[in-house]
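A.B. asks: Just so it is clear, I am handing over entry.pdb, which has PDB, C-alpha atoms.
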ATOM      1  CA  MET F   1       0.455  20.179  11.982  1.00  0.00           C
ATOM      2  CA  GLY F   2       2.290  22.044   9.228  1.00  0.00           C
ATOM      3  CA  LEU F   3       4.403  19.861   6.994  1.00  0.00           C
ATOM      4  CA  LEU F   4       3.231  16.629   8.608  1.00  0.00           C
ATOM      5  CA  GLY F   5      -0.292  17.888   7.874  1.00  0.00           C
ATOM      6  CA  ILE F   6       0.532  18.093   4.157  1.00  0.00           C
ATOM      7  CA  MET F   7       1.393  14.409   4.353  1.00  0.00           C
ATOM      8  CA  SER F   8      -2.022  13.586   5.855  1.00  0.00           C
ATOM      9  CA  VAL F   9      -3.880  15.680   3.272  1.00  0.00           C
ATOM     10  CA  SER F  10      -1.983  14.223   0.311  1.00  0.00           C
ATOM     11  CA  GLY F  11      -2.324  10.802   1.913  1.00  0.00           C
ATOM     12  CA  SER F  12      -6.115  11.142   1.868  1.00  0.00           C
ATOM     13  CA  ALA F  13      -5.852  12.008  -1.837  1.00  0.00           C
ATOM     14  CA  LEU F  14      -3.774   8.859  -2.436  1.00  0.00           C
ATOM     15  CA  ALA F  15      -6.531   6.783  -0.822  1.00  0.00           C
ATOM     16  CA  VAL F  16      -9.193   8.453  -2.993  1.00  0.00           C
ATOM     17  CA  GLU F  17      -7.231   7.925  -6.214  1.00  0.00           C
ATOM     18  CA  ARG F  18      -6.688   4.289  -5.306  1.00  0.00           C
ATOM     19  CA  GLN F  19     -10.442   3.880  -4.887  1.00  0.00           C
ATOM     20  CA  ARG F  20     -11.111   5.633  -8.225  1.00  0.00           C
ATOM     21  CA  ALA F  21      -8.684   3.223  -9.884  1.00  0.00           C
ATOM     22  CA  GLU F  22     -10.409   0.269  -8.193  1.00  0.00           C
ATOM     23  CA  ILE F  23     -13.807   1.430  -9.445  1.00  0.00           C
ATOM     24  CA  ALA F  24     -12.520   1.958 -13.005  1.00  0.00           C
ATOM     25  CA  ALA F  25     -10.889  -1.492 -12.903  1.00  0.00           C
ATOM     26  CA  GLY F  26     -14.162  -3.025 -11.692  1.00  0.00           C
ATOM     27  CA  ASN F  27     -16.084  -1.316 -14.500  1.00  0.00           C
ATOM     28  CA  LEU F  28     -13.524  -2.463 -17.084  1.00  0.00           C
ATOM     29  CA  ALA F  29     -13.607  -6.039 -15.803  1.00  0.00           C
ATOM     30  CA  ASN F  30     -17.409  -6.128 -15.904  1.00  0.00           C
ATOM     31  CA  SER F  31     -17.996  -4.306 -19.183  1.00  0.00           C
ATOM     32  CA  GLU F  32     -19.537  -7.493 -20.604  1.00  0.00           C
ATOM     33  CA  SER F  33     -21.164  -8.908 -17.461  1.00  0.00           C
ATOM     34  CA  THR F  34     -24.791  -9.704 -18.234  1.00  0.00           C
ATOM     35  CA  ARG F  35     -25.468 -11.131 -14.793  1.00  0.00           C
ATOM     36  CA  GLY F  36     -24.599  -9.907 -11.300  1.00  0.00           C
ATOM     37  CA  PRO F  37     -25.461 -11.094  -7.783  1.00  0.00           C
ATOM     38  CA  ASP F  38     -28.941  -9.612  -8.256  1.00  0.00           C
ATOM     39  CA  GLY F  39     -29.420 -11.571 -11.503  1.00  0.00           C
ATOM     40  CA  LYS F  40     -29.408  -8.373 -13.590  1.00  0.00           C
ATOM     41  CA  ALA F  41     -26.693  -6.873 -15.795  1.00  0.00           C
ATOM     42  CA  TYR F  42     -23.765  -5.146 -14.048  1.00  0.00           C
ATOM     43  CA  ARG F  43     -24.208  -1.384 -13.581  1.00  0.00           C
ATOM     44  CA  LYS F  44     -21.370   1.081 -14.011  1.00  0.00           C
ATOM     45  CA  ASN F  45     -20.051   2.611 -10.735  1.00  0.00           C
ATOM     46  CA  VAL F  46     -18.900   6.203 -10.362  1.00  0.00           C
ATOM     47  CA  ALA F  47     -17.076   7.660  -7.333  1.00  0.00           C
ATOM     48  CA  VAL F  48     -18.339  10.976  -5.949  1.00  0.00           C
ATOM     49  CA  VAL F  49     -15.452  12.796  -4.269  1.00  0.00           C
ATOM     50  CA  SER F  50     -15.847  15.508  -1.617  1.00  0.00           C
ATOM     51  CA  ALA F  51     -13.598  17.750   0.485  1.00  0.00           C
ATOM     52  CA  VAL F  52     -13.287  17.130   4.233  1.00  0.00           C
ATOM     53  CA  PRO F  53     -11.712  19.560   6.707  1.00  0.00           C
ATOM     54  CA  ALA F  54      -8.369  18.130   7.806  1.00  0.00           C
ATOM     55  CA  TYR F  55      -6.890  20.773  10.128  1.00  0.00           C
ATOM     56  CA  ARG F  56      -6.734  24.515  10.662  1.00  0.00           C
ATOM     57  CA  ASN F  57      -3.553  26.443   9.949  1.00  0.00           C
ATOM     58  CA  ALA F  58      -2.756  30.124  10.608  1.00  0.00           C
ATOM     59  CA  SER F  59      -4.594  31.337   7.506  1.00  0.00           C
ATOM     60  CA  GLY F  60      -7.602  29.037   7.494  1.00  0.00           C
ATOM     61  CA  LEU F  61      -8.899  25.575   7.000  1.00  0.00           C
ATOM     62  CA  VAL F  62      -6.913  22.975   5.082  1.00  0.00           C
ATOM     63  CA  SER F  63      -9.034  20.288   3.483  1.00  0.00           C
ATOM     64  CA  GLY F  64      -8.391  16.658   2.755  1.00  0.00           C
ATOM     65  CA  VAL F  65     -10.479  14.577   0.391  1.00  0.00           C
ATOM     66  CA  GLN F  66     -12.639  11.481   0.615  1.00  0.00           C
ATOM     67  CA  VAL F  67     -14.887   9.322  -1.517  1.00  0.00           C
ATOM     68  CA  ASP F  68     -18.343  10.548  -0.501  1.00  0.00           C
ATOM     69  CA  THR F  69     -20.516   7.931  -2.210  1.00  0.00           C
ATOM     70  CA  ILE F  70     -20.240   5.409  -5.003  1.00  0.00           C
ATOM     71  CA  ASN F  71     -23.080   6.072  -7.445  1.00  0.00           C
ATOM     72  CA  THR F  72     -24.481   3.468  -9.773  1.00  0.00           C
ATOM     73  CA  VAL F  73     -25.299   4.559 -13.322  1.00  0.00           C
ATOM     74  CA  ASN F  74     -28.629   2.917 -14.024  1.00  0.00           C
ATOM     75  CA  SER F  75     -28.453   2.458 -17.788  1.00  0.00           C
ATOM     76  CA  THR F  76     -27.886  -0.578 -19.977  1.00  0.00           C
ATOM     77  CA  VAL F  77     -27.296  -1.322 -23.636  1.00  0.00           C
ATOM     78  CA  ARG F  78     -29.529  -3.855 -25.404  1.00  0.00           C
ATOM     79  CA  ARG F  79     -28.072  -6.220 -27.983  1.00  0.00           C
ATOM     80  CA  TYR F  80     -29.976  -8.725 -30.096  1.00  0.00           C
ATOM     81  CA  GLU F  81     -28.467 -12.115 -29.115  1.00  0.00           C
ATOM     82  CA  PRO F  82     -31.270 -14.712 -29.016  1.00  0.00           C
ATOM     83  CA  TRP F  83     -28.798 -17.565 -28.370  1.00  0.00           C
ATOM     84  CA  HIS F  84     -27.612 -15.953 -25.125  1.00  0.00           C
ATOM     85  CA  PRO F  85     -28.880 -17.607 -21.903  1.00  0.00           C
ATOM     86  CA  ASP F  86     -29.671 -14.178 -20.457  1.00  0.00           C
ATOM     87  CA  ALA F  87     -31.708 -13.083 -23.482  1.00  0.00           C
ATOM     88  CA  GLY F  88     -35.274 -11.955 -22.823  1.00  0.00           C
ATOM     89  CA  ALA F  89     -38.367 -13.227 -24.604  1.00  0.00           C
ATOM     90  CA  ASP F  90     -37.723 -10.740 -27.432  1.00  0.00           C
ATOM     91  CA  GLY F  91     -34.154 -12.016 -27.949  1.00  0.00           C
ATOM     92  CA  TYR F  92     -32.403  -8.924 -26.560  1.00  0.00           C
ATOM     93  CA  VAL F  93     -29.697  -9.138 -23.866  1.00  0.00           C
ATOM     94  CA  GLU F  94     -29.016  -6.295 -21.448  1.00  0.00           C
ATOM     95  CA  TYR F  95     -25.339  -5.311 -21.309  1.00  0.00           C
ATOM     96  CA  PRO F  96     -23.836  -2.715 -18.930  1.00  0.00           C
ATOM     97  CA  ASP F  97     -23.498   0.763 -20.450  1.00  0.00           C
ATOM     98  CA  ILE F  98     -19.697   0.884 -20.134  1.00  0.00           C
ATOM     99  CA  ASN F  99     -17.309   2.389 -22.651  1.00  0.00           C
ATOM    100  CA  PRO F 100     -13.904   0.731 -22.052  1.00  0.00           C
ATOM    101  CA  ALA F 101     -12.083   3.724 -23.563  1.00  0.00           C
ATOM    102  CA  MET F 102     -13.733   6.069 -21.034  1.00  0.00           C
ATOM    103  CA  GLU F 103     -12.899   3.717 -18.161  1.00  0.00           C
ATOM    104  CA  MET F 104      -9.305   3.541 -19.383  1.00  0.00           C
ATOM    105  CA  ALA F 105      -9.171   7.359 -19.422  1.00  0.00           C
ATOM    106  CA  ASP F 106     -10.555   7.420 -15.845  1.00  0.00           C
ATOM    107  CA  LEU F 107      -7.941   4.894 -14.811  1.00  0.00           C
ATOM    108  CA  MET F 108      -5.144   6.991 -16.331  1.00  0.00           C
ATOM    109  CA  SER F 109      -6.526  10.122 -14.654  1.00  0.00           C
ATOM    110  CA  ALA F 110      -6.526   8.359 -11.265  1.00  0.00           C
ATOM    111  CA  ASP F 111      -2.991   7.116 -11.918  1.00  0.00           C
ATOM    112  CA  ARG F 112      -1.706  10.618 -12.768  1.00  0.00           C
ATOM    113  CA  SER F 113      -3.452  12.206  -9.773  1.00  0.00           C
ATOM    114  CA  PHE F 114      -1.892   9.527  -7.569  1.00  0.00           C
ATOM    115  CA  GLN F 115       1.529  10.478  -8.941  1.00  0.00           C
ATOM    116  CA  LEU F 116       0.836  14.180  -8.325  1.00  0.00           C
ATOM    117  CA  ASN F 117      -0.106  13.615  -4.706  1.00  0.00           C
ATOM    118  CA  ALA F 118       2.818  11.274  -4.130  1.00  0.00           C
ATOM    119  CA  ALA F 119       5.039  14.085  -5.459  1.00  0.00           C
ATOM    120  CA  ALA F 120       3.403  16.509  -2.994  1.00  0.00           C
ATOM    121  CA  ILE F 121       4.275  14.118  -0.155  1.00  0.00           C
ATOM    122  CA  GLN F 122       7.855  13.972  -1.419  1.00  0.00           C
ATOM    123  CA  SER F 123       7.990  17.799  -1.361  1.00  0.00           C
ATOM    124  CA  ALA F 124       6.693  17.943   2.212  1.00  0.00           C
ATOM    125  CA  LYS F 125       9.262  15.314   3.184  1.00  0.00           C
ATOM    126  CA  ALA F 126      12.100  17.247   1.511  1.00  0.00           C
ATOM    127  CA  MET F 127      10.980  20.491   3.193  1.00  0.00           C
ATOM    128  CA  LEU F 128      10.949  18.786   6.589  1.00  0.00           C
ATOM    129  CA  ALA F 129      14.378  17.278   6.009  1.00  0.00           C
ATOM    130  CA  ASP F 130      15.692  20.709   4.974  1.00  0.00           C
ATOM    131  CA  SER F 131      14.209  22.250   8.135  1.00  0.00           C
ATOM    132  CA  LEU F 132      16.046  19.688  10.240  1.00  0.00           C
ATOM    133  CA  GLU F 133      19.254  20.492   8.343  1.00  0.00           C
ATOM    134  CA  ILE F 134      19.079  24.032   9.789  1.00  0.00           C
ATOM    135  CA  ALA F 135      19.981  22.685  13.234  1.00  0.00           C
ATOM    136  CA  LYS F 136      23.057  20.844  11.952  1.00  0.00           C
TER     137      LYS F 136
ATOM    138  CA  MET P   1      -5.189  60.237   6.445  1.00  0.00           C
ATOM    139  CA  SER P   2      -4.675  58.071   9.448  1.00  0.00           C
ATOM    140  CA  MET P   3      -1.961  58.806  11.951  1.00  0.00           C
ATOM    141  CA  ILE P   4       0.911  56.400  12.147  1.00  0.00           C
ATOM    142  CA  SER P   5       0.886  55.060  15.666  1.00  0.00           C
ATOM    143  CA  GLY P   6       4.053  54.407  17.627  1.00  0.00           C
ATOM    144  CA  ILE P   7       5.419  50.970  18.204  1.00  0.00           C
ATOM    145  CA  GLN P   8       3.614  49.342  21.113  1.00  0.00           C
ATOM    146  CA  PRO P   9       5.767  47.886  23.874  1.00  0.00           C
ATOM    147  CA  ARG P  10       5.707  44.098  23.959  1.00  0.00           C
ATOM    148  CA  GLN P  11       4.226  43.099  27.268  1.00  0.00           C
ATOM    149  CA  THR P  12       3.672  39.521  26.237  1.00  0.00           C
ATOM    150  CA  LEU P  13       7.369  38.650  26.381  1.00  0.00           C
ATOM    151  CA  ASP P  14       7.599  39.576  30.059  1.00  0.00           C
ATOM    152  CA  SER P  15       4.484  37.637  30.959  1.00  0.00           C
ATOM    153  CA  LEU P  16       5.813  34.689  28.960  1.00  0.00           C
ATOM    154  CA  ARG P  17       9.090  34.795  30.853  1.00  0.00           C
ATOM    155  CA  GLU P  18       7.225  34.829  34.157  1.00  0.00           C
ATOM    156  CA  ALA P  19       5.100  31.910  33.075  1.00  0.00           C
ATOM    157  CA  THR P  20       7.975  29.701  31.932  1.00  0.00           C
ATOM    158  CA  GLY P  21      10.009  30.114  35.124  1.00  0.00           C
ATOM    159  CA  PRO P  22      13.687  29.152  34.991  1.00  0.00           C
ATOM    160  CA  VAL P  23      15.196  29.511  31.514  1.00  0.00           C
ATOM    161  CA  HIS P  24      16.555  25.964  31.220  1.00  0.00           C
ATOM    162  CA  SER P  25      13.132  24.287  31.541  1.00  0.00           C
ATOM    163  CA  GLU P  26      12.084  25.577  28.107  1.00  0.00           C
ATOM    164  CA  PHE P  27      14.781  23.484  26.505  1.00  0.00           C
ATOM    165  CA  PHE P  28      13.778  20.329  28.297  1.00  0.00           C
ATOM    166  CA  GLU P  29      10.089  20.899  27.696  1.00  0.00           C
ATOM    167  CA  THR P  30      10.827  21.129  23.967  1.00  0.00           C
ATOM    168  CA  LEU P  31      12.908  17.973  24.157  1.00  0.00           C
ATOM    169  CA  GLN P  32      10.220  16.147  26.096  1.00  0.00           C
ATOM    170  CA  ALA P  33       7.553  17.255  23.623  1.00  0.00           C
ATOM    171  CA  ALA P  34       9.715  16.171  20.662  1.00  0.00           C
ATOM    172  CA  ILE P  35      10.354  12.763  22.224  1.00  0.00           C
ATOM    173  CA  LYS P  36       6.659  12.343  23.045  1.00  0.00           C
ATOM    174  CA  ASN P  37       5.724  13.187  19.442  1.00  0.00           C
ATOM    175  CA  ALA P  38       8.328  10.786  18.092  1.00  0.00           C
ATOM    176  CA  THR P  39       7.109   7.971  20.351  1.00  0.00           C
ATOM    177  CA  GLU P  40       3.485   8.505  19.348  1.00  0.00           C
ATOM    178  CA  ALA P  41       4.373   8.642  15.636  1.00  0.00           C
ATOM    179  CA  ASN P  42       6.457   5.490  16.031  1.00  0.00           C
ATOM    180  CA  GLU P  43       3.589   3.613  17.695  1.00  0.00           C
ATOM    181  CA  GLN P  44       1.219   4.767  14.947  1.00  0.00           C
ATOM    182  CA  ALA P  45       3.674   3.632  12.252  1.00  0.00           C
ATOM    183  CA  HIS P  46       4.114   0.290  14.000  1.00  0.00           C
ATOM    184  CA  THR P  47       0.374  -0.456  14.126  1.00  0.00           C
ATOM    185  CA  THR P  48      -0.278   0.736  10.565  1.00  0.00           C
ATOM    186  CA  ALA P  49       2.626  -1.242   9.107  1.00  0.00           C
ATOM    187  CA  LYS P  50       1.551  -4.337  11.042  1.00  0.00           C
ATOM    188  CA  GLN P  51      -2.019  -4.014   9.782  1.00  0.00           C
ATOM    189  CA  ALA P  52      -0.773  -3.531   6.205  1.00  0.00           C
ATOM    190  CA  LEU P  53       1.437  -6.632   6.480  1.00  0.00           C
ATOM    191  CA  LEU P  54      -1.402  -8.684   7.952  1.00  0.00           C
ATOM    192  CA  GLY P  55      -3.458  -7.769   4.892  1.00  0.00           C
ATOM    193  CA  SER P  56      -6.226  -5.894   6.668  1.00  0.00           C
ATOM    194  CA  ASP P  57      -7.899  -2.851   5.157  1.00  0.00           C
ATOM    195  CA  VAL P  58      -4.955  -0.457   5.441  1.00  0.00           C
ATOM    196  CA  ASP P  59      -3.502   1.332   2.449  1.00  0.00           C
ATOM    197  CA  ILE P  60       0.156   0.717   1.695  1.00  0.00           C
ATOM    198  CA  PRO P  61       0.662   4.481   1.063  1.00  0.00           C
ATOM    199  CA  GLU P  62      -0.939   5.156   4.465  1.00  0.00           C
ATOM    200  CA  ALA P  63       1.542   2.809   6.141  1.00  0.00           C
ATOM    201  CA  MET P  64       4.448   4.443   4.287  1.00  0.00           C
ATOM    202  CA  ILE P  65       3.304   7.930   5.307  1.00  0.00           C
ATOM    203  CA  ALA P  66       2.995   6.858   8.951  1.00  0.00           C
ATOM    204  CA  MET P  67       6.532   5.405   8.808  1.00  0.00           C
ATOM    205  CA  GLN P  68       7.869   8.573   7.209  1.00  0.00           C
ATOM    206  CA  LYS P  69       6.207  10.714   9.893  1.00  0.00           C
ATOM    207  CA  ALA P  70       7.758   8.542  12.596  1.00  0.00           C
ATOM    208  CA  GLU P  71      11.207   8.830  11.035  1.00  0.00           C
ATOM    209  CA  LEU P  72      10.990  12.630  10.746  1.00  0.00           C
ATOM    210  CA  SER P  73       9.613  13.042  14.285  1.00  0.00           C
ATOM    211  CA  LEU P  74      12.466  10.951  15.630  1.00  0.00           C
ATOM    212  CA  GLU P  75      14.946  12.972  13.600  1.00  0.00           C
ATOM    213  CA  LEU P  76      13.482  16.169  15.140  1.00  0.00           C
ATOM    214  CA  ALA P  77      13.814  14.731  18.652  1.00  0.00           C
ATOM    215  CA  VAL P  78      17.416  13.750  17.936  1.00  0.00           C
ATOM    216  CA  GLN P  79      18.218  17.242  16.643  1.00  0.00           C
ATOM    217  CA  VAL P  80      16.699  18.895  19.724  1.00  0.00           C
ATOM    218  CA  ARG P  81      18.647  16.486  21.947  1.00  0.00           C
ATOM    219  CA  ASN P  82      21.871  17.275  20.059  1.00  0.00           C
ATOM    220  CA  LYS P  83      21.327  20.975  20.679  1.00  0.00           C
ATOM    221  CA  VAL P  84      20.720  20.422  24.397  1.00  0.00           C
ATOM    222  CA  VAL P  85      23.874  18.329  24.748  1.00  0.00           C
ATOM    223  CA  GLN P  86      25.831  20.893  22.735  1.00  0.00           C
ATOM    224  CA  ALA P  87      24.644  23.697  25.036  1.00  0.00           C
ATOM    225  CA  TYR P  88      25.538  21.600  28.107  1.00  0.00           C
ATOM    226  CA  ASP P  89      29.020  20.978  26.653  1.00  0.00           C
ATOM    227  CA  GLU P  90      29.545  24.675  26.049  1.00  0.00           C
ATOM    228  CA  ILE P  91      28.585  25.493  29.637  1.00  0.00           C
ATOM    229  CA  SER P  92      30.776  22.742  31.107  1.00  0.00           C
ATOM    230  CA  LYS P  93      33.763  24.184  29.224  1.00  0.00           C
ATOM    231  CA  LEU P  94      33.353  27.627  30.871  1.00  0.00           C
ATOM    232  CA  GLN P  95      36.392  28.615  32.941  1.00  0.00           C
ATOM    233  CA  PHE P  96      36.124  30.868  35.979  1.00  0.00           C
TER     234      PHE P  96
END
Turn this file's structure into structure tokens for me.
C.D. replies:
Amino acid sequence: MGLLGIMSVSGSALAVERQRAEIAAGNLANSESTRGPDGKAYRKNVAVVSAVPAYRNASGLVSGVQVDTINTVNSTVRRYEPWHPDAGADGYVEYPDINPAMEMADLMSADRSFQLNAAAIQSAKAMLADSLEIAK
Amino acid sequence: MSMISGIQPRQTLDSLREATGPVHSEFFETLQAAIKNATEANEQAHTTAKQALLGSDVDIPEAMIAMQKAELSLELAVQVRNKVVQAYDEISKLQF
């Protein structure tokens, strides 16, 4: 596998970071959604990431990464808005417990990690190209 | 204090030579393997790129990586082929 293996491992990381960005974007978009398909307020999603064995090299196991599960944070924020159509009998509306600043930070983190792993792929590519140069 | 043992003779090289048979076949086996790898990588890249273009659930980075792998595998096959041809040229130039 070697250098092509690096590409697969970093590629799995690219896929994970893309999914983290998607989840953060979904949370940002729905930070004010008081109603979802189930009729209740939107709940914040969080990706749980885990290592998966990719291949075995001379010194041991090299791991890729995957999104294990997408967890739902089951908390809401209540605001007193009696005019709101989704308000309860007491006049409070349930809003998702999402802090846009935190989601933005998550999004930036995913973006930077994506860049890092893309750079790792570039390195593997350059190393392979250099190896092929030896024969010339 | 442990004694420093002498260098063990390499028996594996002889057995390897017996196993591979005529010397030239090693070259062509390498070439065949390189071409096989390149073909497989190319097919993989083709399917992934097609799926990405058709908008199915394939990552664009995944398609790019598959294409890059195909390109590098092909490059490797070409380099091995160049070496084989170069060796053949050298031999054909031998004067008796």
A.B. asks: Kindly determine which residues of chain P lie within 12 Å of chain F, considering all atoms listed in the file, and give the answer as a PyMOL selection string.
C.D. replies: chain P and resi 37+41+57-84+86
A.B. asks: Generate the output file for the selected residues, C-alpha atoms, as a PDB file, in the frame of the given file.
C.D. replies:
ATOM      1  CA  ASN P  37       5.724  13.187  19.442  1.00  0.00           C
ATOM      2  CA  ALA P  41       4.373   8.642  15.636  1.00  0.00           C
ATOM      3  CA  ASP P  57      -7.899  -2.851   5.157  1.00  0.00           C
ATOM      4  CA  VAL P  58      -4.955  -0.457   5.441  1.00  0.00           C
ATOM      5  CA  ASP P  59      -3.502   1.332   2.449  1.00  0.00           C
ATOM      6  CA  ILE P  60       0.156   0.717   1.695  1.00  0.00           C
ATOM      7  CA  PRO P  61       0.662   4.481   1.063  1.00  0.00           C
ATOM      8  CA  GLU P  62      -0.939   5.156   4.465  1.00  0.00           C
ATOM      9  CA  ALA P  63       1.542   2.809   6.141  1.00  0.00           C
ATOM     10  CA  MET P  64       4.448   4.443   4.287  1.00  0.00           C
ATOM     11  CA  ILE P  65       3.304   7.930   5.307  1.00  0.00           C
ATOM     12  CA  ALA P  66       2.995   6.858   8.951  1.00  0.00           C
ATOM     13  CA  MET P  67       6.532   5.405   8.808  1.00  0.00           C
ATOM     14  CA  GLN P  68       7.869   8.573   7.209  1.00  0.00           C
ATOM     15  CA  LYS P  69       6.207  10.714   9.893  1.00  0.00           C
ATOM     16  CA  ALA P  70       7.758   8.542  12.596  1.00  0.00           C
ATOM     17  CA  GLU P  71      11.207   8.830  11.035  1.00  0.00           C
ATOM     18  CA  LEU P  72      10.990  12.630  10.746  1.00  0.00           C
ATOM     19  CA  SER P  73       9.613  13.042  14.285  1.00  0.00           C
ATOM     20  CA  LEU P  74      12.466  10.951  15.630  1.00  0.00           C
ATOM     21  CA  GLU P  75      14.946  12.972  13.600  1.00  0.00           C
ATOM     22  CA  LEU P  76      13.482  16.169  15.140  1.00  0.00           C
ATOM     23  CA  ALA P  77      13.814  14.731  18.652  1.00  0.00           C
ATOM     24  CA  VAL P  78      17.416  13.750  17.936  1.00  0.00           C
ATOM     25  CA  GLN P  79      18.218  17.242  16.643  1.00  0.00           C
ATOM     26  CA  VAL P  80      16.699  18.895  19.724  1.00  0.00           C
ATOM     27  CA  ARG P  81      18.647  16.486  21.947  1.00  0.00           C
ATOM     28  CA  ASN P  82      21.871  17.275  20.059  1.00  0.00           C
ATOM     29  CA  LYS P  83      21.327  20.975  20.679  1.00  0.00           C
ATOM     30  CA  VAL P  84      20.720  20.422  24.397  1.00  0.00           C
ATOM     31  CA  GLN P  86      25.831  20.893  22.735  1.00  0.00           C
TER      32      GLN P  86
END
A.B. asks: Take atom CA of F:Glu22 and atom CA of F:Ser50 and report the distance between them in Å, one decimal.
C.D. replies: 17.5 Å
A.B. asks: Starting from the point (-9.4, 4.0, -6.2), work out which residues of protein, DNA or RNA have an atom no more than 12 Å away when counting only C-alpha atoms; state them as a VMD selection string.
C.D. replies: (chain F and resid 12 to 27 45 to 49 66 to 67 70 106 to 111 113 to 114) or (chain P and resid 59)
A.B. asks: Interatomic distance between atom CA of F:Ala124 and atom CA of P:Thr39?
C.D. replies: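 Computing it gives 20.7 Å between the two atoms.
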A.B. asks: Taking all atoms listed in the file into account, name the residue in F:Ala119, F:Ala41, F:Ala58, F:Ala51 that is nearest to F:Tyr95.
C.D. replies: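 For F:Tyr95, the nearest of the candidates is F:Ala41.
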A.B. asks: Considering only C-alpha atoms, can you say which of F:Arg112, F:Glu32, F:Lys44, F:Ile6 comes closest to F:Arg78?
C.D. replies: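 The closest residue to F:Arg78 is F:Glu32.
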A.B. asks: Apply the PyMOL selection byres ((chain F and resi 77) around 9) to the displayed file and report the matching residues as JSON, numbers by chain.
C.D. replies: {"F": [75, 76, 78, 79, 93, 94, 95, 96, 97, 98]}
A.B. asks: Do you have the atom CA of F:Ala54-atom CA of P:Thr48 distance handy?
C.D. replies: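 Rounded to one decimal, the two atoms are 19.4 Å apart.
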A.B. asks: Contacts of F:Asp86 at 10 Å or less, counting only C-alpha atoms, minus same-chain residues fewer than 2 places along, as a list of chain:residue names?
C.D. replies: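 Here the answer would be F:Thr34, F:Arg35, F:Gly39, F:Lys40, F:Ala41, F:Glu81, F:Pro82, F:Trp83, F:His84, F:Gly88, F:Ala89, F:Gly91, F:Tyr92, F:Val93, F:Glu94, F:Tyr95.
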A.B. asks: In terms of the shortest atom-to-atom distance over all atoms listed in the file, which of F:Ser63, F:Ser31, F:Asn117, F:Asn74 is closest to F:Asn99?
C.D. replies: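 Using all atoms listed in the file, the shortest distance to F:Asn99 belongs to F:Ser31.
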